[in-house]
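First the structure, in the form of structure tokens, and then the observations on it.
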Amino acid sequence: MMENSEEAVLTEMMESTKVSEEEEEEKDTEDGFSDRIIARFKEFLEDEILQSVAAEGVAKLMYSGRLVDPQLFSRLLLLWYNPTTDGDPVRHCLGMFFSTIGGTNNDMTDTVEEAFFPTIQTICDAPHTSPLLEINPTNVAELMLSLLRGKHHEQIAIKMCNEILIRPRSYYGRCLIKCL
């Protein structure tokens with residue numbers, strides 16, 4: 001039964017990214033199309049039963065360049081580092097994804113840069129009951145920085161300095177200081 005639900009999720013994910021010529025024309029004028037797809041993927045990633053297969057599907061779509069979204073990238077990263085997924089096969093898939101996407105294309109580099117601060121802030125602001133508290137934000141930052149190239153490092157460093165000035169004594173600010 002689990003296999004059928006996994007197949008159904010993957011089929012729906014792939015079908016939702018296929019676009020006919022008519023839809024492509026509509027997509028240019030309708031911003032809601034991609035928003036609906038991304039919202040659907042986020043729902044799949046929240047479902048404990050479908051989470052693994054959804055994460056694998058999203059990673060494959062991102063790797064192929066068919067899906068670009070900083071929030072989904074951040075969710076994949078948090079899922080990979082989340083201690084509750086220890087031993088889950090999705091970790092292997094996500095590990096392969098993160099090891100191969102560095103410098104693959106400009107869209108992905110921009111996605112990593114846009115996901116940087118929200119991801120670190122999510123970890124730093126995690127509630128006391130969250131397993132995300134066990135994640136070392138510096139390790140996550142190091143991985144994300146390793147996926148960036150050239151000018152993106154400078155841009156992140158400048159933004160880090162600005163964020164530190166805004167919240168110098170917060171846990172988030174101290175994490176960013178370590179990252180610098």
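If you're wondering about the labels, chains in the structure tokens are A, B, ... by order shown, residues count from 1 in each chain, ligands from 1 in order shown.
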Next on the checklist: Using only C-alpha atoms, which protein or nucleic acid residues come within 7 Å of A:Asn82? Drop anything in the same chain fewer than 3 positions from it, and give the result as an NGL selection string.
Outcome noted: :A and (78-79 or 85 or 131-132 or 135)
Could you save the residues just selected, with N, CA, C and O atoms, as a short mmCIF file (atom, residue, chain, number, x, y, z; two decimals), in the first residue's frame?
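This went into result-v4.cif:
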data_model
loop_
_atom_site.label_atom_id
_atom_site.label_comp_id
_atom_site.auth_asym_id
_atom_site.auth_seq_id
_atom_site.Cartn_x
_atom_site.Cartn_y
_atom_site.Cartn_z
N LEU A 78 16.44 21.43 5.78
CA LEU A 78 16.03 21.17 7.16
C LEU A 78 15.64 19.71 7.35
O LEU A 78 15.91 19.12 8.41
N LEU A 79 15.04 19.12 6.34
CA LEU A 79 14.68 17.70 6.41
C LEU A 79 15.94 16.84 6.47
O LEU A 79 16.02 15.87 7.23
N THR A 85 14.91 12.27 10.98
CA THR A 85 15.01 11.51 9.73
C THR A 85 16.24 10.61 9.71
O THR A 85 16.55 10.02 8.67
N PRO A 131 12.78 19.27 17.17
CA PRO A 131 14.03 18.55 16.93
C PRO A 131 15.05 19.42 16.18
O PRO A 131 16.24 19.10 16.16
N LEU A 132 14.61 20.52 15.61
CA LEU A 132 15.53 21.42 14.90
C LEU A 132 16.55 22.05 15.85
O LEU A 132 17.60 22.51 15.42
N ILE A 135 20.06 20.79 15.57
CA ILE A 135 20.84 21.10 14.36
C ILE A 135 21.81 22.23 14.67
O ILE A 135 21.44 23.25 15.25
#
Checklist entry - stretch 167-174 of chain A: which residues within 12 Å, counting only C-alpha atoms, same-chain residues fewer than 6 positions away excluded, as a count of residues only? => result 19
Checklist entry - Between A:Leu45, A:Leu50, A:Met108, A:Leu148, which is the closest to A:Leu67 once you count only C-alpha atoms? => result A:Met108
Checklist entry - Using only C-alpha atoms, which residues sit within 10 Å of A:Arg149 once same-chain residues fewer than 6 positions away are excluded, as a list of chain:residue names? => result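 Here the answer would be A:Gly102, A:Gly103, A:Asn106, A:Thr109, A:Asp110, A:Glu113.
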Write the residues of the preceding selection, restricted to all heavy atoms, as a compact mmCIF listing (two decimals), in the first residue's frame.
# COMPACT_ATOMS: atom_id res chain seq x y z
N GLY A 102 26.02 21.94 -6.29
CA GLY A 102 26.90 23.09 -6.16
C GLY A 102 27.40 23.58 -7.50
O GLY A 102 28.04 22.85 -8.23
N GLY A 103 27.06 24.80 -7.84
CA GLY A 103 27.52 25.42 -9.07
C GLY A 103 26.89 24.85 -10.33
O GLY A 103 27.40 25.08 -11.42
N ASN A 106 22.89 28.95 -12.49
CA ASN A 106 22.67 30.22 -11.79
C ASN A 106 21.37 30.23 -11.00
O ASN A 106 21.31 30.83 -9.93
CB ASN A 106 22.70 31.39 -12.77
CG ASN A 106 24.11 31.69 -13.22
OD1 ASN A 106 25.08 31.36 -12.54
ND2 ASN A 106 24.23 32.31 -14.38
N THR A 109 22.02 28.53 -7.76
CA THR A 109 22.87 29.35 -6.91
C THR A 109 22.05 30.48 -6.29
O THR A 109 22.19 30.77 -5.10
CB THR A 109 24.06 29.92 -7.72
OG1 THR A 109 24.76 28.83 -8.32
CG2 THR A 109 25.01 30.69 -6.84
N ASP A 110 21.19 31.11 -7.08
CA ASP A 110 20.32 32.16 -6.56
C ASP A 110 19.36 31.60 -5.51
O ASP A 110 19.09 32.23 -4.49
CB ASP A 110 19.52 32.82 -7.69
CG ASP A 110 20.39 33.63 -8.63
OD1 ASP A 110 21.52 34.00 -8.25
OD2 ASP A 110 19.93 33.88 -9.77
N GLU A 113 21.21 31.12 -2.26
CA GLU A 113 21.43 32.41 -1.61
C GLU A 113 20.14 32.94 -0.96
O GLU A 113 20.16 33.41 0.17
CB GLU A 113 21.95 33.44 -2.62
CG GLU A 113 22.24 34.78 -1.98
CD GLU A 113 22.76 35.82 -2.96
OE1 GLU A 113 23.19 35.47 -4.07
OE2 GLU A 113 22.71 37.00 -2.59
Item to check | Backbone DSSP call of helix (DSSP H, G or I) for chain A, listed as JSON, numbers by chain | outcome: {"A": [2, 3, 4, 5, 6, 7, 8, 9, 10, 11, 12, 13, 14, 15, 16, 17, 21, 22, 23, 24, 25, 26, 27, 28, 29, 32, 33, 34, 35, 36, 37, 38, 39, 40, 41, 42, 43, 44, 45, 46, 51, 52, 53, 54, 55, 56, 57, 58, 59, 60, 61, 62, 63, 70, 71, 72, 73, 74, 75, 76, 77, 78, 79, 80, 81, 83, 84, 85, 89, 90, 91, 92, 93, 94, 95, 96, 97, 98, 99, 100, 106, 107, 108, 109, 110, 111, 112, 113, 114, 115, 116, 117, 118, 119, 120, 121, 122, 123, 124, 131, 132, 133, 134, 137, 138, 139, 140, 141, 142, 143, 144, 145, 146, 151, 152, 153, 154, 155, 156, 157, 158, 159, 160, 161, 162, 163, 164, 165, 166, 171, 172, 173, 174, 175, 176, 177, 178, 179]}
Contacts of A:Val68 within 10 Å, only C-alpha atoms, excl. fewer than 6 positions in-chain, as a CSV table (one decimal) with all heavy atoms, in the first residue's frame:
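What landed in part_33.csv:
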chain,number,residue,atom,x,y,z
A,34,SER,N,2.6,28.5,-10.8
A,34,SER,CA,3.7,28.0,-10.1
A,34,SER,C,3.5,28.0,-8.6
A,34,SER,O,4.0,27.1,-7.9
A,34,SER,CB,5.0,28.7,-10.5
A,34,SER,OG,5.0,30.1,-10.2
A,38,ILE,N,4.0,24.8,-6.1
A,38,ILE,CA,4.9,24.9,-4.9
A,38,ILE,C,4.1,24.6,-3.7
A,38,ILE,O,4.6,23.9,-2.8
A,38,ILE,CB,5.6,26.2,-4.9
A,38,ILE,CG1,6.6,26.2,-6.1
A,38,ILE,CG2,6.3,26.5,-3.6
A,38,ILE,CD1,7.2,27.6,-6.4
A,58,VAL,N,10.9,16.3,-5.2
A,58,VAL,CA,11.3,17.7,-5.2
A,58,VAL,C,12.8,17.9,-5.5
A,58,VAL,O,13.2,18.7,-6.4
A,58,VAL,CB,10.9,18.4,-3.9
A,58,VAL,CG1,11.5,19.8,-3.8
A,58,VAL,CG2,9.4,18.5,-3.8
A,61,LEU,N,13.3,17.2,-9.2
A,61,LEU,CA,12.8,18.3,-10.0
A,61,LEU,C,13.7,19.5,-9.9
A,61,LEU,O,14.0,20.2,-10.9
A,61,LEU,CB,11.4,18.7,-9.6
A,61,LEU,CG,10.3,17.7,-10.0
A,61,LEU,CD1,9.0,18.0,-9.3
A,61,LEU,CD2,10.1,17.6,-11.5
A,62,MET,N,14.3,19.8,-8.7
A,62,MET,CA,15.2,20.9,-8.6
A,62,MET,C,16.5,20.6,-9.3
A,62,MET,O,17.0,21.5,-10.0
A,62,MET,CB,15.5,21.2,-7.1
A,62,MET,CG,14.3,21.9,-6.4
A,62,MET,SD,14.8,22.3,-4.7
A,62,MET,CE,13.8,23.8,-4.6
A,107,ASP,N,20.3,29.6,-11.5
A,107,ASP,CA,19.0,29.6,-10.8
A,107,ASP,C,19.2,28.9,-9.5
A,107,ASP,O,18.7,29.3,-8.4
A,107,ASP,CB,18.0,28.9,-11.6
A,107,ASP,CG,17.4,29.7,-12.8
A,107,ASP,OD1,17.6,30.9,-12.8
A,107,ASP,OD2,16.8,29.1,-13.7
A,108,MET,N,19.9,27.8,-9.4
A,108,MET,CA,20.1,27.1,-8.2
A,108,MET,C,21.0,27.9,-7.2
A,108,MET,O,20.8,27.9,-6.0
A,108,MET,CB,20.7,25.7,-8.5
A,108,MET,CG,20.8,24.8,-7.2
A,108,MET,SD,19.2,24.6,-6.3
A,108,MET,CE,18.3,23.6,-7.4
A,110,ASP,N,21.2,31.1,-7.1
A,110,ASP,CA,20.3,32.2,-6.6
A,110,ASP,C,19.4,31.6,-5.5
A,110,ASP,O,19.1,32.2,-4.5
A,110,ASP,CB,19.5,32.8,-7.7
A,110,ASP,CG,20.4,33.6,-8.6
A,110,ASP,OD1,21.5,34.0,-8.3
A,110,ASP,OD2,19.9,33.9,-9.8
A,111,THR,N,18.9,30.4,-5.7
A,111,THR,CA,18.0,29.7,-4.8
A,111,THR,C,18.7,29.5,-3.5
A,111,THR,O,18.1,29.8,-2.4
A,111,THR,CB,17.5,28.4,-5.4
A,111,THR,OG1,16.8,28.7,-6.6
A,111,THR,CG2,16.6,27.7,-4.4
A,112,VAL,N,19.9,29.0,-3.5
A,112,VAL,CA,20.6,28.8,-2.3
A,112,VAL,C,20.8,30.1,-1.5
A,112,VAL,O,20.6,30.1,-0.3
A,112,VAL,CB,22.0,28.1,-2.6
A,112,VAL,CG1,22.8,28.0,-1.3
A,112,VAL,CG2,21.8,26.7,-3.2
Checklist entry - Hey, which of A:Leu94, A:Gly150, A:Ile37, A:Leu165 ends up closest to A:Arg66? Count only C-alpha atoms. => result A:Ile37
Item to check | Exercise: A:Phe97 partners within 8 Å, only C-alpha atoms, chain neighbours under 2 positions left out, as number ranges by chain | outcome: A: 59-60, 63, 93-95, 99-101
Kindly export the residues of the current selection with C-alpha atoms, as a CSV table (one decimal), in the first residue's frame.
chain,number,residue,atom,x,y,z
A,59,ALA,CA,15.1,17.1,-5.2
A,60,LYS,CA,14.9,15.5,-8.6
A,63,TYR,CA,18.2,19.1,-9.9
A,93,CYS,CA,18.9,10.9,-1.7
A,94,LEU,CA,19.1,14.4,-0.2
A,95,GLY,CA,22.8,13.9,0.5
A,99,SER,CA,26.6,17.1,-3.1
A,100,THR,CA,25.8,17.4,-6.8
A,101,ILE,CA,24.0,20.8,-7.1
Checklist outcome for this item: The distance between atom CA of A:Leu72 and atom CA of A:Ala115 is 8.7 Å
Next on the checklist: Would you compute the distance between atom CA of A:Glu43 and atom CA of A:Leu77? Give it in Å to one decimal.
Outcome noted: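 Answer for the atom CA of A:Glu43 to atom CA of A:Leu77 separation: 16.2 Å.
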